[in-house]
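Asker: Provided herewith: final-v3.cif, mmCIF, C-alpha atoms and all ligand atoms.
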```cif
data_start
#
loop_
_atom_site.label_atom_id
_atom_site.label_comp_id
_atom_site.auth_asym_id
_atom_site.auth_seq_id
_atom_site.Cartn_x
_atom_site.Cartn_y
_atom_site.Cartn_z
CA MET A 3 -77.20 195.90 -195.11
CA SER A 4 -79.23 192.89 -194.07
CA THR A 5 -77.51 190.54 -196.50
CA SER A 6 -75.56 189.03 -193.63
CA HIS A 7 -78.83 187.53 -192.39
CA LEU A 8 -79.56 185.79 -195.64
CA PRO A 9 -77.14 182.86 -195.61
CA ARG A 10 -78.03 181.91 -192.05
CA ASP A 11 -81.75 182.13 -192.75
CA LYS A 12 -81.38 179.93 -195.81
CA LYS A 13 -79.32 177.46 -193.90
CA ASP A 14 -81.95 177.17 -191.16
CA ARG A 15 -84.61 176.52 -193.74
CA SER A 16 -82.67 173.83 -195.53
CA VAL A 17 -82.06 172.09 -192.21
CA ARG A 18 -85.81 172.17 -191.55
CA ALA A 19 -86.52 170.87 -195.04
CA ARG A 20 -84.10 168.02 -194.63
CA LYS A 21 -85.66 167.08 -191.29
CA HIS A 22 -89.04 167.11 -192.92
CA ASP A 23 -87.85 164.75 -195.67
CA LEU A 24 -86.69 162.46 -192.92
CA TYR A 25 -90.13 162.28 -191.33
CA LYS A 26 -91.67 161.71 -194.73
CA ALA A 27 -89.23 158.99 -195.74
CA LYS A 28 -90.26 157.07 -192.66
CA GLY A 29 -93.78 157.06 -194.05
CA LYS A 30 -92.93 153.96 -196.06
CA LEU A 31 -93.60 151.46 -193.35
CA LEU A 32 -94.05 147.77 -192.95
CA GLU A 33 -97.63 146.72 -192.35
CA PRO A 34 -99.13 146.29 -189.94
CA SER A 35 -97.07 148.39 -187.53
CA VAL A 36 -97.75 149.73 -184.05
CA CYS A 37 -96.17 152.69 -182.29
CA ARG A 38 -94.48 151.54 -179.12
CA GLU A 39 -95.09 154.94 -177.51
CA CYS A 40 -98.75 155.71 -178.25
CA ASN A 41 -100.12 152.43 -179.68
CA ALA A 42 -101.29 154.02 -182.94
CA VAL A 43 -101.63 151.36 -185.63
CA TYR A 44 -100.42 151.67 -189.23
CA HIS A 45 -102.44 149.40 -191.45
CA LYS A 46 -103.66 149.51 -195.05
CA GLY A 47 -101.78 152.72 -195.69
CA ARG A 48 -103.16 154.76 -192.81
CA TRP A 49 -102.79 155.41 -189.11
CA THR A 50 -105.69 154.46 -186.84
CA TRP A 51 -106.51 153.73 -183.21
CA ALA A 52 -107.70 150.26 -184.21
CA PRO A 53 -106.81 147.28 -181.99
CA VAL A 54 -103.21 146.21 -182.56
CA PRO A 55 -103.15 143.44 -185.20
CA ALA A 56 -101.29 140.22 -184.47
CA LYS A 57 -97.64 140.19 -185.60
CA SER A 58 -97.36 143.97 -185.83
CA HIS A 59 -93.96 145.59 -186.28
CA ALA A 60 -92.99 147.90 -183.42
CA LEU A 61 -91.83 151.41 -184.30
CA VAL A 62 -92.16 155.04 -183.22
CA CYS A 63 -94.82 156.90 -185.19
CA PRO A 64 -94.04 160.25 -186.89
CA ALA A 65 -96.15 162.15 -184.33
CA CYS A 66 -94.24 160.69 -181.37
CA GLU A 67 -90.98 161.42 -183.22
CA ARG A 68 -91.96 165.05 -183.73
CA ILE A 69 -92.95 165.33 -180.06
CA ARG A 70 -89.66 163.77 -178.99
CA ASP A 71 -87.67 166.06 -181.33
CA GLY A 72 -89.77 169.14 -180.57
CA ALA A 73 -90.22 169.53 -184.34
CA PRO A 74 -93.65 171.07 -185.04
CA SER A 75 -95.37 171.27 -188.41
CA GLY A 76 -97.98 173.71 -187.09
CA VAL A 77 -97.59 176.77 -184.87
CA LEU A 78 -100.61 178.62 -183.52
CA LEU A 79 -100.03 181.91 -181.74
CA LEU A 80 -102.81 183.23 -179.48
CA THR A 81 -102.65 186.92 -178.78
CA GLY A 82 -104.76 189.69 -177.27
CA GLU A 83 -106.42 190.74 -174.04
CA PHE A 84 -109.21 188.18 -174.23
CA VAL A 85 -106.63 185.42 -174.51
CA ALA A 86 -104.81 186.73 -171.45
CA SER A 87 -107.98 186.99 -169.35
CA HIS A 88 -109.55 183.68 -170.48
CA ARG A 89 -106.43 181.56 -170.77
CA ASP A 90 -107.76 178.39 -169.08
CA GLU A 91 -111.03 178.40 -170.96
CA ILE A 92 -109.24 178.90 -174.29
CA LEU A 93 -106.67 176.20 -173.66
CA GLY A 94 -109.47 173.84 -172.58
CA LEU A 95 -111.16 174.45 -175.91
CA ALA A 96 -107.84 173.86 -177.69
CA ARG A 97 -107.40 170.53 -175.88
CA ASN A 98 -110.96 169.50 -176.74
CA GLU A 99 -110.34 170.26 -180.40
CA GLU A 100 -107.12 168.27 -180.27
CA ALA A 101 -109.00 165.28 -178.81
CA ARG A 102 -111.64 165.53 -181.53
CA VAL A 103 -109.13 165.73 -184.38
CA LYS A 104 -106.80 163.12 -182.88
CA ALA A 105 -109.63 160.59 -182.59
CA GLU A 106 -109.83 160.56 -186.39
CA HIS A 107 -106.22 161.44 -187.24
CA PRO A 108 -103.84 159.74 -184.79
CA LEU A 109 -100.83 161.74 -185.98
CA ALA A 110 -102.42 165.11 -185.10
CA ARG A 111 -101.28 166.12 -181.60
CA ILE A 112 -100.37 169.14 -179.58
CA ILE A 113 -96.63 169.10 -178.90
CA LYS A 114 -96.67 171.80 -176.26
CA ILE A 115 -98.35 174.94 -175.02
CA GLU A 116 -96.00 177.73 -174.02
CA ASP A 117 -96.40 181.22 -172.63
CA GLN A 118 -94.26 183.63 -174.62
CA PRO A 119 -93.96 187.40 -174.33
CA GLU A 120 -96.13 187.85 -177.44
CA GLY A 121 -98.83 185.41 -176.32
CA VAL A 122 -99.57 181.72 -175.92
CA VAL A 123 -97.90 179.44 -178.48
CA ILE A 124 -99.38 176.03 -179.32
CA THR A 125 -97.19 173.78 -181.46
CA THR A 126 -98.63 170.74 -183.23
CA THR A 127 -97.36 167.65 -185.03
CA ASP A 128 -99.77 168.27 -187.89
CA PRO A 129 -100.43 171.54 -189.74
CA HIS A 130 -104.18 170.92 -189.97
CA LEU A 131 -104.50 170.63 -186.20
CA ALA A 132 -103.04 174.12 -185.64
CA ARG A 133 -105.57 175.45 -188.14
CA ARG A 134 -108.46 173.47 -186.70
CA ILE A 135 -107.79 174.80 -183.18
CA GLY A 136 -107.55 178.36 -184.50
CA GLU A 137 -110.79 177.94 -186.43
CA ALA A 138 -112.55 176.48 -183.38
CA LEU A 139 -111.47 179.47 -181.26
CA HIS A 140 -112.55 181.83 -184.01
CA HIS A 141 -115.92 180.11 -184.24
CA ALA A 142 -116.47 180.20 -180.47
CA HIS A 143 -115.12 183.65 -179.65
CA HIS A 144 -114.79 185.53 -182.98
CA GLY A 145 -111.67 187.72 -183.00
CA THR A 146 -109.28 187.49 -185.95
CA PHE A 147 -107.88 184.29 -187.39
CA THR A 148 -105.13 184.14 -190.00
CA CYS A 149 -102.90 181.37 -191.22
CA ARG A 150 -100.30 180.85 -193.87
CA TYR A 151 -98.33 177.88 -195.02
CA GLU A 152 -94.57 178.38 -195.20
CA GLU A 153 -93.78 175.94 -197.96
CA ASN A 154 -90.02 176.24 -197.72
CA GLU A 155 -90.23 175.48 -194.01
CA ASP A 156 -93.01 172.91 -194.23
CA LEU A 157 -94.72 174.81 -191.46
CA LEU A 158 -98.19 176.20 -190.99
CA ARG A 159 -98.15 179.44 -189.00
CA ALA A 160 -101.51 180.55 -187.62
CA ASN A 161 -102.57 183.40 -185.38
CA TRP A 162 -105.76 183.93 -183.46
CA GLN A 163 -106.19 187.33 -181.87
CA SER A 164 -109.00 188.31 -179.54
ZN ZN A 201 -96.73 157.24 -181.53
#
```
Please express the file's structure as structure tokens.
Answerer:
Amino acid sequence: MSTSHLPRDKKDRSVRARKHDLYKAKGKLLEPSVCRECNAVYHKGRWTWAPVPAKSHALVCPACERIRDGAPSGVLLLTGEFVASHRDEILGLARNEEARVKAEHPLARIIKIEDQPEGVVITTTDPHLARRIGEALHHAHHGTFTCRYEENEDLLRANWQS
């Protein structure tokens, strides 16, 4: 009965997978390089916030590309009454955690924060950031935190409920 859903579902996933390969392929970069959008520097095989080296190549970093494309690799859903009644406080904590993680890992950013019928949805450029924010909320306010990695989608889906 539900077989009609299958082909479309599979197609969506393969599109996501191909997009992901695209972001990965762009990981082979000239060095040093600097992102013309956010000034992150790629040098010695990693991204940093170091001062821009002389004669850097200009490019757009994978995080800025994901933000531009609206293509998250982490999705954190915040649900529950506590979330609804403490929205600003919770999102402040989420932003603080982003700042902390981003200071060390320039490609870890929040793409956007959206109010959806089921709760607040935070999408991130990096799967670890979605998890780190969920863990920080869990640590601060308890509740229930779950996450799973959807390998075929290259997407970490996390949920914090409180
Ligand atoms: Zn950038």
Asker: Could the residues that lie within 6 Å of ligand ZN 201 (chain A), counting all atoms listed in the file, be listed as an MDAnalysis selection string?
Answerer: chainID A and resid 37 39:40 42 62:63 65:66
Asker: Could you work out how far CA of Glu100 (chain A) lies from CA of Glu137 (chain A), giving the answer in Å with one decimal?
Answerer: 12.0 Å
Asker: Determine, counting all atoms listed in the file, which protein, DNA and RNA residues have an atom within 9 Å of an atom of Thr125 (chain A); residues of the same chain fewer than 2 positions away are not included. Present the result as a ChimeraX atom specification.
Answerer: /A:72-79,111-116,123,127-128,132
Asker: Taking C-alpha atoms for each residue, export the selection above as a short mmCIF file (atom, residue, chain, number, x, y, z; two decimals), keeping the file's coordinate frame.
Answerer:
```
data_model
loop_
_atom_site.label_atom_id
_atom_site.label_comp_id
_atom_site.auth_asym_id
_atom_site.auth_seq_id
_atom_site.Cartn_x
_atom_site.Cartn_y
_atom_site.Cartn_z
CA GLY A 72 -89.77 169.14 -180.57
CA ALA A 73 -90.22 169.53 -184.34
CA PRO A 74 -93.65 171.07 -185.04
CA SER A 75 -95.37 171.27 -188.41
CA GLY A 76 -97.98 173.71 -187.09
CA VAL A 77 -97.59 176.77 -184.87
CA LEU A 78 -100.61 178.62 -183.52
CA LEU A 79 -100.03 181.91 -181.74
CA ARG A 111 -101.28 166.12 -181.60
CA ILE A 112 -100.37 169.14 -179.58
CA ILE A 113 -96.63 169.10 -178.90
CA LYS A 114 -96.67 171.80 -176.26
CA ILE A 115 -98.35 174.94 -175.02
CA GLU A 116 -96.00 177.73 -174.02
CA VAL A 123 -97.90 179.44 -178.48
CA THR A 127 -97.36 167.65 -185.03
CA ASP A 128 -99.77 168.27 -187.89
CA ALA A 132 -103.04 174.12 -185.64
#
```
Asker: Which residue is closest to Arg102 (chain A)? Choose from A:Arg134, A:Val54, A:Leu158, A:Thr148 and count only C-alpha atoms.
Answerer: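 Residue with the minimum atom-to-atom distance to Arg102 (chain A): A:Arg134.
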Asker: Report, in Å to a single decimal, how far apart CA of Ala160 (chain A) and CA of Val85 (chain A) are.
Answerer: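 A separation of 14.9 Å between them.
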Asker: State, in Å with one decimal place, the distance from CA of Arg68 (chain A) to CA of Asn41 (chain A).
Answerer: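 These two atoms are separated by 15.6 Å.
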Asker: Excluding Tyr44 (chain A) and its own-chain neighbours fewer than 3 positions away, which residues fall within 7 Å of it when counting only C-alpha atoms? Please give them as a list in words.
Answerer: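 Near neighbours after the sequence-gap exclusion: Glu33, Pro34, Ser35, Val36, Gly47, Arg48, Trp49 and Thr50 of chain A.
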Asker: Check the smallest atom-to-atom distance from each of A:Phe147, A:Arg159, A:His141, A:Ala110 to Ile69 (chain A) using all atoms listed in the file, then report the winner.
Answerer: A:Ala110
Asker: For a quick check of understanding, using all atoms listed in the file, which of A:Pro129, A:Asp90, A:Ser58, A:Glu99 has the smallest distance to Glu153 (chain A)?
Answerer: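 The closest residue to Glu153 (chain A) is A:Pro129.
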Asker: Which residue, A:His45, A:Lys104, A:His88, A:His130, has the smallest gap to Ser164 (chain A) when you use only C-alpha atoms?
Answerer: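 Smallest distance to Ser164 (chain A) is found for A:His88.
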Asker: Because some atoms of region 129-160 of chain A are absent here, can you restore N, CA and C atoms and send them as a compact mmCIF listing (two decimals), keeping the file's coordinate frame?
Answerer:
```txt
# COMPACT_ATOMS: atom_id res chain seq x y z
N PRO A 129 -100.03 170.16 -189.43
CA PRO A 129 -100.43 171.54 -189.74
C PRO A 129 -101.94 171.77 -189.62
N HIS A 130 -102.73 170.75 -189.99
CA HIS A 130 -104.18 170.92 -189.97
C HIS A 130 -104.70 171.11 -188.55
N LEU A 131 -104.04 170.49 -187.58
CA LEU A 131 -104.50 170.63 -186.20
C LEU A 131 -104.35 172.08 -185.71
N ALA A 132 -103.22 172.72 -186.04
CA ALA A 132 -103.04 174.12 -185.64
C ALA A 132 -104.16 174.97 -186.24
N ARG A 133 -104.50 174.68 -187.49
CA ARG A 133 -105.57 175.45 -188.14
C ARG A 133 -106.92 175.15 -187.53
N ARG A 134 -107.17 173.87 -187.27
CA ARG A 134 -108.46 173.47 -186.70
C ARG A 134 -108.69 174.12 -185.34
N ILE A 135 -107.65 174.18 -184.50
CA ILE A 135 -107.79 174.80 -183.18
C ILE A 135 -108.08 176.29 -183.34
N GLY A 136 -107.33 176.94 -184.25
CA GLY A 136 -107.55 178.36 -184.50
C GLY A 136 -108.96 178.63 -185.00
N GLU A 137 -109.44 177.77 -185.88
CA GLU A 137 -110.79 177.94 -186.43
C GLU A 137 -111.85 177.71 -185.35
N ALA A 138 -111.60 176.75 -184.47
CA ALA A 138 -112.55 176.48 -183.38
C ALA A 138 -112.63 177.68 -182.44
N LEU A 139 -111.49 178.28 -182.13
CA LEU A 139 -111.47 179.47 -181.26
C LEU A 139 -112.18 180.63 -181.95
N HIS A 140 -111.92 180.77 -183.23
CA HIS A 140 -112.55 181.83 -184.01
C HIS A 140 -114.07 181.66 -184.02
N HIS A 141 -114.50 180.43 -184.20
CA HIS A 141 -115.92 180.11 -184.24
C HIS A 141 -116.58 180.42 -182.89
N ALA A 142 -115.89 180.05 -181.81
CA ALA A 142 -116.47 180.20 -180.47
C ALA A 142 -116.42 181.64 -179.97
N HIS A 143 -115.34 182.34 -180.27
CA HIS A 143 -115.12 183.65 -179.65
C HIS A 143 -114.88 184.79 -180.64
N HIS A 144 -115.05 184.50 -181.94
CA HIS A 144 -114.79 185.53 -182.98
C HIS A 144 -113.33 185.98 -182.92
N GLY A 145 -113.06 187.28 -182.91
CA GLY A 145 -111.67 187.72 -183.00
C GLY A 145 -111.19 187.62 -184.44
N THR A 146 -109.88 187.53 -184.61
CA THR A 146 -109.28 187.49 -185.95
C THR A 146 -108.42 186.25 -186.09
N PHE A 147 -108.68 185.49 -187.16
CA PHE A 147 -107.88 184.29 -187.39
C PHE A 147 -107.18 184.39 -188.74
N THR A 148 -105.88 184.17 -188.73
CA THR A 148 -105.13 184.14 -190.00
C THR A 148 -104.21 182.93 -189.98
N CYS A 149 -103.93 182.40 -191.16
CA CYS A 149 -102.90 181.37 -191.22
C CYS A 149 -102.24 181.36 -192.58
N ARG A 150 -101.00 180.98 -192.60
CA ARG A 150 -100.30 180.85 -193.87
C ARG A 150 -99.35 179.66 -193.79
N TYR A 151 -99.20 179.05 -194.94
CA TYR A 151 -98.33 177.88 -195.02
C TYR A 151 -96.98 178.30 -195.56
N GLU A 152 -95.94 178.06 -194.77
CA GLU A 152 -94.57 178.38 -195.20
C GLU A 152 -94.02 177.14 -195.89
N GLU A 153 -94.12 177.15 -197.22
CA GLU A 153 -93.78 175.94 -197.96
C GLU A 153 -92.32 175.55 -197.79
N ASN A 154 -91.46 176.57 -197.82
CA ASN A 154 -90.02 176.24 -197.72
C ASN A 154 -89.64 175.74 -196.33
N GLU A 155 -90.50 175.98 -195.37
CA GLU A 155 -90.23 175.48 -194.01
C GLU A 155 -91.08 174.26 -193.67
N ASP A 156 -92.01 173.93 -194.55
CA ASP A 156 -93.01 172.91 -194.23
C ASP A 156 -93.65 173.20 -192.88
N LEU A 157 -94.18 174.41 -192.75
CA LEU A 157 -94.72 174.81 -191.46
C LEU A 157 -95.94 175.69 -191.67
N LEU A 158 -97.03 175.34 -190.97
CA LEU A 158 -98.19 176.20 -190.99
C LEU A 158 -98.13 177.15 -189.79
N ARG A 159 -98.18 178.44 -190.08
CA ARG A 159 -98.15 179.44 -189.00
C ARG A 159 -99.53 180.11 -188.94
N ALA A 160 -100.16 179.98 -187.78
CA ALA A 160 -101.51 180.55 -187.62
C ALA A 160 -101.51 181.50 -186.44
```
